[in-house]
Amino acid sequence: MGLYEKRRWSTRLGAAAVTVALGAGVIAGCGTQQNTTNSTTNSTQTTTQQPQKGGTLVVALPPATNINWYLPITNSANASLYNADLQILLYPSLIYIGSDYSIDWKNSLASSIDYNATGTEYTIHLKKNWVWSDGKPVTAQDVVWDYDLVKATDESNVPPWPNYAAGSGGVPANVKSVVALDNYTVQVTLKKPVNQQWFIYNGIGQLTALPEHAWNKYPNNMAQEIAYLGKEATNPSFFTVVDGPFKLVSAKQSQAWVLVPNQTFAGHKSTLDKLIFQYEGSSDAEFAALRSGAVNLGYLDPAQWASRGSLLKMGYKIVPAYNFGYDFIELNLQKGSPLYSAFNDLKVREALEYAMNQNEIDQAIYHGFAPPLYGPIPAQPKTVFYDSSLNNLFAYNPAKAKQLLESDGWKMENGVMTKDGQKLQFTMMVASGSESTLQEAELVQQDWKQIGVDVTLQQISFNEEEGIMSDAKNPGKWAAAAGTGITYGGSYPSGEQLFEPGGLDNFGYNDPTADQLIAKTTEPVSSQAENTKNFFAYEDYIAKQLPVLWQNVPAGITVIAPDVHNATTQVLNPTTGYGLLNYIWMSSSK
């Protein structure tokens, strides 16, 4: 997809990424961090067996999570990882970012992209053998039409948008034109020069081909077309013409989403009979489904770690991998928020960050596989984007946290820090369905109580939490939310559309300096060293300004049945969150 995707974890990374990465996990029987690539590849890849045809791959969704939006152009209320993972199986992006965070041309619709030295012109070459499932060829015009739709969703007067990704990569504001030079060549011309890598990842990366011949009902009225597609976006039966490896044949909310291989797909064809994303009401229900064989590609909640032996005895593999993203507690900084003035005070945010014992969370809940996080870039998986100088930036220090509050005028009254009649007392939403998510929130609750911050936890469903946070007209309904995160999903992790006004993680945070540093990462550079310098300047500033409270990024725990093959790191791709499930095959007997 090449875009940021909102993760509203109901189980943190392990279960939440199972629909896309299936993979963030903890190696069986080990208490120290492992090399995720080698561990996963060695434990799951089959080199002597030939792929067999047939079988049903049943993938467990995170607890209480539904897939509810099928159109690749998504509004903010539905910008979840789970929706995006199914979308990409139906409508692959022009570029596919692999597990090493580079472009995997083999699994991309584009065969190559050329660009000029100034970064103003990009020529996209499409593969010539791709066809839609109705037999029509996939052409450059389908990509141009997709761009036209994206551009239209950026117009505020067009319902039911805006597109949550509007503005990413400078699209459409910096785009001068997108034209089809011929049936298989698209040329994108920009108004001003930009960082080429940034634009390919964040601009071109959000484009795909959409079947204009099947969907363009209002060719002379784009406003009507967008409204029409927006209404159909939640209707699974509408999406019958696809160019991806799978076709959707049925979808039942809170039950299952059934796909079958698309036989006209020009890439690696799946050998499966069916691929099913299965709804799970809780992590306990999912564990029972693994035990019974009803699920063969699932997850183990960290709270169930002690029970892993029963799965290992059945021949299941438990493998690790980390998603490239960050987790956090969202503070409501919007006007009308219950703690508007307090949360907009940097010293308060610093105190809350210093008072969270991330090392205890790592060991007590995630068994040593959830490294502390103190900024927007995780230490795991290792990438060139992480600035190691941020190690231990806000290491646990409750004394310092309390001192910060006191120096800011807060005084302890009846066990609660109080200033000008405002108490550091609020309710924090926590997505239900996962014991580990609740356990982490409870540890934070205990940590904060020590410095005079009184928090009540409110467990609600994943979708309800997202709906409340997305309701900009009613900011007074919530103060803080736990169990949230962002996966970069193959995008250039520069912070655009995250911490800028209107971004995914912008709930009132507005900092012109941050905006300038983000903009600097998108400008053309003369060397990689200059590029790194600009990126680290942004990363370091955002880390210290705390637009959100940084939290541990746990590896999830992926469980793979013995009859599931080729579930490698490269195939499951937990780094970006978008798996190549068409490469997985199943054997007829365990």
# chains A, B, ... in the order shown; residues from 1 in each chain; ligands from 1
call {"tool": "closest_atom_pairs", "arguments": {"of": "range 293-402 of chain A", "to": "range 446-466 of chain A", "cutoff": "10 Å", "atoms": "only C-alpha atoms", "output": "tab-separated table"}}
result
residue	atom	partner	partner_atom	distance
A:Ala351	CA	A:Ile451	CA	8.6
A:Leu352	CA	A:Trp448	CA	6.9
A:Glu353	CA	A:Trp448	CA	9.4
A:Tyr354	CA	A:Trp448	CA	9.5
A:Ala355	CA	A:Asp447	CA	6.0
A:Met356	CA	A:Asp447	CA	5.9
A:Asn357	CA	A:Asp447	CA	7.0
A:Tyr396	CA	A:Asp447	CA	9.7
A:Pro398	CA	A:Ile451	CA	6.7
A:Ala399	CA	A:Ile451	CA	8.0
A:Lys400	CA	A:Ile451	CA	9.6
A:Ala401	CA	A:Ile451	CA	7.1
A:Lys402	CA	A:Ile451	CA	5.4
call {"tool": "residues_around", "arguments": {"residues": "Pro372 in chain A", "least_positions_apart": "2", "cutoff": "7 Å", "atoms": "only C-alpha atoms", "output": "count of residues only"}}
result
7
call {"tool": "closest_atom_pairs", "arguments": {"of": "range 59-115 of chain A", "to": "range 246-255 of chain A", "cutoff": "12 Å", "atoms": "only C-alpha atoms", "output": "JSON lines"}}
result
{"residue": "A:Ala60", "atom": "CA", "partner": "A:Gln255", "partner_atom": "CA", "distance": 10.7}
{"residue": "A:Leu61", "atom": "CA", "partner": "A:Ser254", "partner_atom": "CA", "distance": 10.0}
{"residue": "A:Pro62", "atom": "CA", "partner": "A:Ser254", "partner_atom": "CA", "distance": 11.2}
{"residue": "A:Pro63", "atom": "CA", "partner": "A:Ser254", "partner_atom": "CA", "distance": 9.9}
{"residue": "A:Ala64", "atom": "CA", "partner": "A:Ser254", "partner_atom": "CA", "distance": 7.5}
{"residue": "A:Thr65", "atom": "CA", "partner": "A:Ser254", "partner_atom": "CA", "distance": 7.6}
{"residue": "A:Asn66", "atom": "CA", "partner": "A:Ser254", "partner_atom": "CA", "distance": 6.1}
{"residue": "A:Ile67", "atom": "CA", "partner": "A:Gln253", "partner_atom": "CA", "distance": 7.4}
{"residue": "A:Asn68", "atom": "CA", "partner": "A:Gln253", "partner_atom": "CA", "distance": 7.6}
{"residue": "A:Trp69", "atom": "CA", "partner": "A:Ala251", "partner_atom": "CA", "distance": 11.0}
{"residue": "A:Tyr70", "atom": "CA", "partner": "A:Leu248", "partner_atom": "CA", "distance": 9.7}
{"residue": "A:Asp85", "atom": "CA", "partner": "A:Phe246", "partner_atom": "CA", "distance": 11.8}
{"residue": "A:Leu86", "atom": "CA", "partner": "A:Leu248", "partner_atom": "CA", "distance": 9.0}
{"residue": "A:Gln87", "atom": "CA", "partner": "A:Leu248", "partner_atom": "CA", "distance": 9.8}
{"residue": "A:Ile88", "atom": "CA", "partner": "A:Phe246", "partner_atom": "CA", "distance": 9.4}
{"residue": "A:Leu89", "atom": "CA", "partner": "A:Phe246", "partner_atom": "CA", "distance": 5.8}
{"residue": "A:Leu90", "atom": "CA", "partner": "A:Phe246", "partner_atom": "CA", "distance": 5.7}
{"residue": "A:Tyr91", "atom": "CA", "partner": "A:Phe246", "partner_atom": "CA", "distance": 9.0}
{"residue": "A:Pro92", "atom": "CA", "partner": "A:Phe246", "partner_atom": "CA", "distance": 10.3}
call {"tool": "closest_residue", "arguments": {"among": "A:Gln445, A:Thr576, A:Thr118, A:Thr189", "to": "Pro172 in chain A", "atoms": "only C-alpha atoms"}}
result
A:Thr189
call {"tool": "residues_around", "arguments": {"residues": "Val188 in chain A", "least_positions_apart": "3", "cutoff": "7 Å", "atoms": "only C-alpha atoms", "output": "PyMOL selection string"}}
result
chain A and resi 121-123+177-179
call {"tool": "select_by_dssp", "arguments": {"residues": "range 297-358 of chain A", "states": "alpha helix (DSSP H)", "output": "PyMOL selection string"}}
result
chain A and resi 308-313+340-343+346-354+358
call {"tool": "closest_residue", "arguments": {"among": "A:Asp100, A:Glu212, A:Asp420, A:Asp471", "to": "Phe507 in chain A", "atoms": "only C-alpha atoms"}}
result
A:Asp471
call {"tool": "residues_around", "arguments": {"residues": "Tyr218 in chain A", "least_positions_apart": "6", "cutoff": "12 Å", "atoms": "only C-alpha atoms", "output": "PyMOL selection string"}}
result
chain A and resi 149+212+224-229
call {"tool": "write_last_selection", "arguments": {"atoms": "N, CA, C and O atoms", "output": "PDB file, in the first residue's frame"}}
result
ATOM      1  N   LEU A 149      -9.515   9.597  -8.771  1.00  0.00           N
ATOM      2  CA  LEU A 149     -10.366   9.362  -7.610  1.00  0.00           C
ATOM      3  C   LEU A 149      -9.697   9.877  -6.337  1.00  0.00           C
ATOM      4  O   LEU A 149     -10.353  10.511  -5.497  1.00  0.00           O
ATOM      5  N   GLU A 212     -11.684   0.874 -14.141  1.00  0.00           N
ATOM      6  CA  GLU A 212     -12.534   1.968 -14.596  1.00  0.00           C
ATOM      7  C   GLU A 212     -13.696   1.446 -15.443  1.00  0.00           C
ATOM      8  O   GLU A 212     -14.823   1.923 -15.338  1.00  0.00           O
ATOM      9  N   GLN A 224     -20.361  12.688  -7.959  1.00  0.00           N
ATOM     10  CA  GLN A 224     -21.305  11.575  -7.893  1.00  0.00           C
ATOM     11  C   GLN A 224     -20.576  10.235  -7.853  1.00  0.00           C
ATOM     12  O   GLN A 224     -20.983   9.309  -7.151  1.00  0.00           O
ATOM     13  N   GLU A 225     -19.506  10.128  -8.616  1.00  0.00           N
ATOM     14  CA  GLU A 225     -18.734   8.880  -8.663  1.00  0.00           C
ATOM     15  C   GLU A 225     -18.143   8.549  -7.296  1.00  0.00           C
ATOM     16  O   GLU A 225     -18.216   7.409  -6.833  1.00  0.00           O
ATOM     17  N   ILE A 226     -17.569   9.558  -6.635  1.00  0.00           N
ATOM     18  CA  ILE A 226     -16.978   9.336  -5.324  1.00  0.00           C
ATOM     19  C   ILE A 226     -18.043   8.968  -4.297  1.00  0.00           C
ATOM     20  O   ILE A 226     -17.853   8.070  -3.474  1.00  0.00           O
ATOM     21  N   ALA A 227     -19.166   9.643  -4.346  1.00  0.00           N
ATOM     22  CA  ALA A 227     -20.264   9.317  -3.434  1.00  0.00           C
ATOM     23  C   ALA A 227     -20.750   7.890  -3.669  1.00  0.00           C
ATOM     24  O   ALA A 227     -21.021   7.137  -2.718  1.00  0.00           O
ATOM     25  N   TYR A 228     -20.842   7.520  -4.933  1.00  0.00           N
ATOM     26  CA  TYR A 228     -21.274   6.166  -5.313  1.00  0.00           C
ATOM     27  C   TYR A 228     -20.300   5.106  -4.787  1.00  0.00           C
ATOM     28  O   TYR A 228     -20.706   4.127  -4.138  1.00  0.00           O
ATOM     29  N   LEU A 229     -19.008   5.307  -5.035  1.00  0.00           N
ATOM     30  CA  LEU A 229     -18.008   4.337  -4.578  1.00  0.00           C
ATOM     31  C   LEU A 229     -17.923   4.297  -3.057  1.00  0.00           C
ATOM     32  O   LEU A 229     -17.692   3.237  -2.466  1.00  0.00           O
TER      33      LEU A 229
END
call {"tool": "closest_residue", "arguments": {"among": "A:Ala288, A:Val319, A:Ile377, A:Leu94", "to": "Tyr488 in chain A", "atoms": "only C-alpha atoms"}}
result
A:Ile377
call {"tool": "closest_atom_pairs", "arguments": {"of": "range 470-526 of chain A", "to": "range 329-345 of chain A", "cutoff": "6 Å", "atoms": "only C-alpha atoms", "output": "JSON lines"}}
result
{"residue": "A:Pro475", "atom": "CA", "partner": "A:Ser337", "partner_atom": "CA", "distance": 5.4}
{"residue": "A:Gly476", "atom": "CA", "partner": "A:Ser337", "partner_atom": "CA", "distance": 4.7}
{"residue": "A:Ala479", "atom": "CA", "partner": "A:Asn332", "partner_atom": "CA", "distance": 5.1}
{"residue": "A:Ala480", "atom": "CA", "partner": "A:Leu331", "partner_atom": "CA", "distance": 4.6}
{"residue": "A:Ala481", "atom": "CA", "partner": "A:Glu330", "partner_atom": "CA", "distance": 5.1}
{"residue": "A:Ala482", "atom": "CA", "partner": "A:Ile329", "partner_atom": "CA", "distance": 4.7}
{"residue": "A:Phe507", "atom": "CA", "partner": "A:Leu333", "partner_atom": "CA", "distance": 5.5}
{"residue": "A:Gly508", "atom": "CA", "partner": "A:Gln334", "partner_atom": "CA", "distance": 4.0}
call {"tool": "write_last_selection", "arguments": {"atoms": "all heavy atoms", "output": "PDB file, in the first residue's frame"}}
result
ATOM      1  N   PRO A 475     -15.096  15.983  20.812  1.00  0.00           N
ATOM      2  CA  PRO A 475     -13.821  15.656  21.461  1.00  0.00           C
ATOM      3  C   PRO A 475     -13.935  15.473  22.965  1.00  0.00           C
ATOM      4  O   PRO A 475     -13.025  14.921  23.598  1.00  0.00           O
ATOM      5  CB  PRO A 475     -12.949  16.870  21.127  1.00  0.00           C
ATOM      6  CG  PRO A 475     -13.914  17.992  20.948  1.00  0.00           C
ATOM      7  CD  PRO A 475     -15.121  17.372  20.301  1.00  0.00           C
ATOM      8  N   GLY A 476     -15.036  15.914  23.559  1.00  0.00           N
ATOM      9  CA  GLY A 476     -15.184  15.786  24.997  1.00  0.00           C
ATOM     10  C   GLY A 476     -15.509  14.391  25.470  1.00  0.00           C
ATOM     11  O   GLY A 476     -15.572  14.136  26.677  1.00  0.00           O
ATOM     12  N   ALA A 479     -10.493  11.166  26.874  1.00  0.00           N
ATOM     13  CA  ALA A 479      -9.284  11.862  27.314  1.00  0.00           C
ATOM     14  C   ALA A 479      -8.028  11.157  26.830  1.00  0.00           C
ATOM     15  O   ALA A 479      -7.083  11.795  26.369  1.00  0.00           O
ATOM     16  CB  ALA A 479      -9.260  11.969  28.838  1.00  0.00           C
ATOM     17  N   ALA A 480      -8.014   9.828  26.933  1.00  0.00           N
ATOM     18  CA  ALA A 480      -6.832   9.068  26.529  1.00  0.00           C
ATOM     19  C   ALA A 480      -7.263   7.699  26.031  1.00  0.00           C
ATOM     20  O   ALA A 480      -8.335   7.200  26.390  1.00  0.00           O
ATOM     21  CB  ALA A 480      -5.854   8.926  27.693  1.00  0.00           C
ATOM     22  N   ALA A 481      -6.425   7.098  25.185  1.00  0.00           N
ATOM     23  CA  ALA A 481      -6.730   5.780  24.619  1.00  0.00           C
ATOM     24  C   ALA A 481      -5.472   4.937  24.568  1.00  0.00           C
ATOM     25  O   ALA A 481      -4.426   5.396  24.082  1.00  0.00           O
ATOM     26  CB  ALA A 481      -7.328   5.922  23.229  1.00  0.00           C
ATOM     27  N   ALA A 482      -5.562   3.715  25.062  1.00  0.00           N
ATOM     28  CA  ALA A 482      -4.427   2.791  25.074  1.00  0.00           C
ATOM     29  C   ALA A 482      -4.649   1.683  24.056  1.00  0.00           C
ATOM     30  O   ALA A 482      -5.772   1.411  23.639  1.00  0.00           O
ATOM     31  CB  ALA A 482      -4.248   2.190  26.464  1.00  0.00           C
ATOM     32  N   PHE A 507      -4.416  14.564  17.272  1.00  0.00           N
ATOM     33  CA  PHE A 507      -5.635  14.825  18.031  1.00  0.00           C
ATOM     34  C   PHE A 507      -5.429  16.117  18.815  1.00  0.00           C
ATOM     35  O   PHE A 507      -5.483  16.145  20.032  1.00  0.00           O
ATOM     36  CB  PHE A 507      -5.966  13.639  18.934  1.00  0.00           C
ATOM     37  CG  PHE A 507      -6.426  12.439  18.161  1.00  0.00           C
ATOM     38  CD1 PHE A 507      -5.526  11.463  17.782  1.00  0.00           C
ATOM     39  CD2 PHE A 507      -7.754  12.297  17.783  1.00  0.00           C
ATOM     40  CE1 PHE A 507      -5.942  10.359  17.045  1.00  0.00           C
ATOM     41  CE2 PHE A 507      -8.177  11.197  17.043  1.00  0.00           C
ATOM     42  CZ  PHE A 507      -7.274  10.233  16.675  1.00  0.00           C
ATOM     43  N   GLY A 508      -5.135  17.182  18.061  1.00  0.00           N
ATOM     44  CA  GLY A 508      -4.950  18.491  18.644  1.00  0.00           C
ATOM     45  C   GLY A 508      -3.509  18.952  18.663  1.00  0.00           C
ATOM     46  O   GLY A 508      -3.231  20.128  18.907  1.00  0.00           O
TER      47      GLY A 508
END
call {"tool": "closest_residue", "arguments": {"among": "A:Gly167, A:Gly325, A:Gly135, A:Pro371", "to": "Thr264 in chain A", "atoms": "only C-alpha atoms"}}
result
A:Gly135
call {"tool": "closest_residue", "arguments": {"among": "A:Asp540, A:Asp182, A:Asp563, A:Asp148", "to": "Val295 in chain A", "atoms": "only C-alpha atoms"}}
result
A:Asp563
call {"tool": "atom_distance", "arguments": {"atom1": "CA of Pro562 in chain A", "atom2": "CA of Leu81 in chain A"}}
result
26.6 Å
call {"tool": "residues_around", "arguments": {"residues": "range 511-521 of chain A", "least_positions_apart": "3", "cutoff": "8 Å", "atoms": "only C-alpha atoms", "output": "short mmCIF file (atom, residue, chain, number, x, y, z; two decimals) with C-alpha atoms, in the first residue's frame"}}
result
data_model
loop_
_atom_site.label_atom_id
_atom_site.label_comp_id
_atom_site.auth_asym_id
_atom_site.auth_seq_id
_atom_site.Cartn_x
_atom_site.Cartn_y
_atom_site.Cartn_z
CA ASN A 195 13.10 13.66 -2.35
CA SER A 494 8.94 10.82 7.55
CA GLY A 495 6.00 11.84 9.71
CA GLU A 496 3.83 13.46 7.09
CA PHE A 499 1.96 14.59 13.35
CA GLU A 500 0.94 17.43 11.06
CA ASN A 531 19.13 12.66 3.85
CA ASN A 534 17.40 15.67 7.88
CA PHE A 535 15.54 12.55 8.94
CA ALA A 537 16.51 15.99 13.02
CA TYR A 538 12.79 15.29 12.56
CA TYR A 541 12.47 16.50 17.77
CA ILE A 542 9.23 14.52 17.55
#
call {"tool": "residues_around", "arguments": {"residues": "range 307-317 of chain A", "least_positions_apart": "2", "cutoff": "6 Å", "atoms": "only C-alpha atoms", "output": "JSON list (two decimals) with N, CA, C and O atoms, in the first residue's frame"}}
result
[["chain", "number", "residue", "atom", "x", "y", "z"],
["A", 304, "GLN", "N", -1.04, -15.80, 27.24],
["A", 304, "GLN", "CA", -1.20, -17.25, 27.11],
["A", 304, "GLN", "C", 0.14, -17.96, 26.93],
["A", 304, "GLN", "O", 0.18, -19.14, 26.58],
["A", 305, "TRP", "N", 1.22, -17.26, 27.16],
["A", 305, "TRP", "CA", 2.56, -17.80, 26.92],
["A", 305, "TRP", "C", 2.79, -19.14, 27.61],
["A", 305, "TRP", "O", 3.37, -20.06, 27.04],
["A", 559, "VAL", "N", 1.44, -18.39, 15.46],
["A", 559, "VAL", "CA", 1.33, -19.84, 15.55],
["A", 559, "VAL", "C", 0.99, -20.40, 14.18],
["A", 559, "VAL", "O", 0.01, -19.99, 13.56],
["A", 560, "ILE", "N", 1.82, -21.33, 13.70],
["A", 560, "ILE", "CA", 1.67, -21.88, 12.35],
["A", 560, "ILE", "C", 1.46, -23.39, 12.45],
["A", 560, "ILE", "O", 2.28, -24.11, 13.02],
["A", 561, "ALA", "N", 0.37, -23.87, 11.90],
["A", 561, "ALA", "CA", 0.05, -25.29, 11.94],
["A", 561, "ALA", "C", 1.03, -26.10, 11.11],
["A", 561, "ALA", "O", 1.62, -25.58, 10.15],
["A", 562, "PRO", "N", 1.23, -27.36, 11.42],
["A", 562, "PRO", "CA", 2.22, -28.18, 10.70],
["A", 562, "PRO", "C", 1.88, -28.42, 9.24],
["A", 562, "PRO", "O", 2.76, -28.79, 8.46]]
call {"tool": "closest_residue", "arguments": {"among": "A:Gly119, A:Ile113, A:Trp215, A:Thr271", "to": "Lys191 in chain A", "atoms": "only C-alpha atoms"}}
result
A:Gly119
call {"tool": "select_by_dssp", "arguments": {"residues": "range 303-454 of chain A", "states": "strand (DSSP E)", "output": "list in words"}}
result
Lys317, Ile318, Val319, Gly325, Tyr326, Asp327, Phe328, Ile329, Glu330, Leu331, Lys411, Met412, Glu413, Val416, Met417, Thr418, Lys419, Gln422, Lys423, Gln425, Phe426, Thr427, Met428, Met429, Val430, Ala431 and Asp454 of chain A
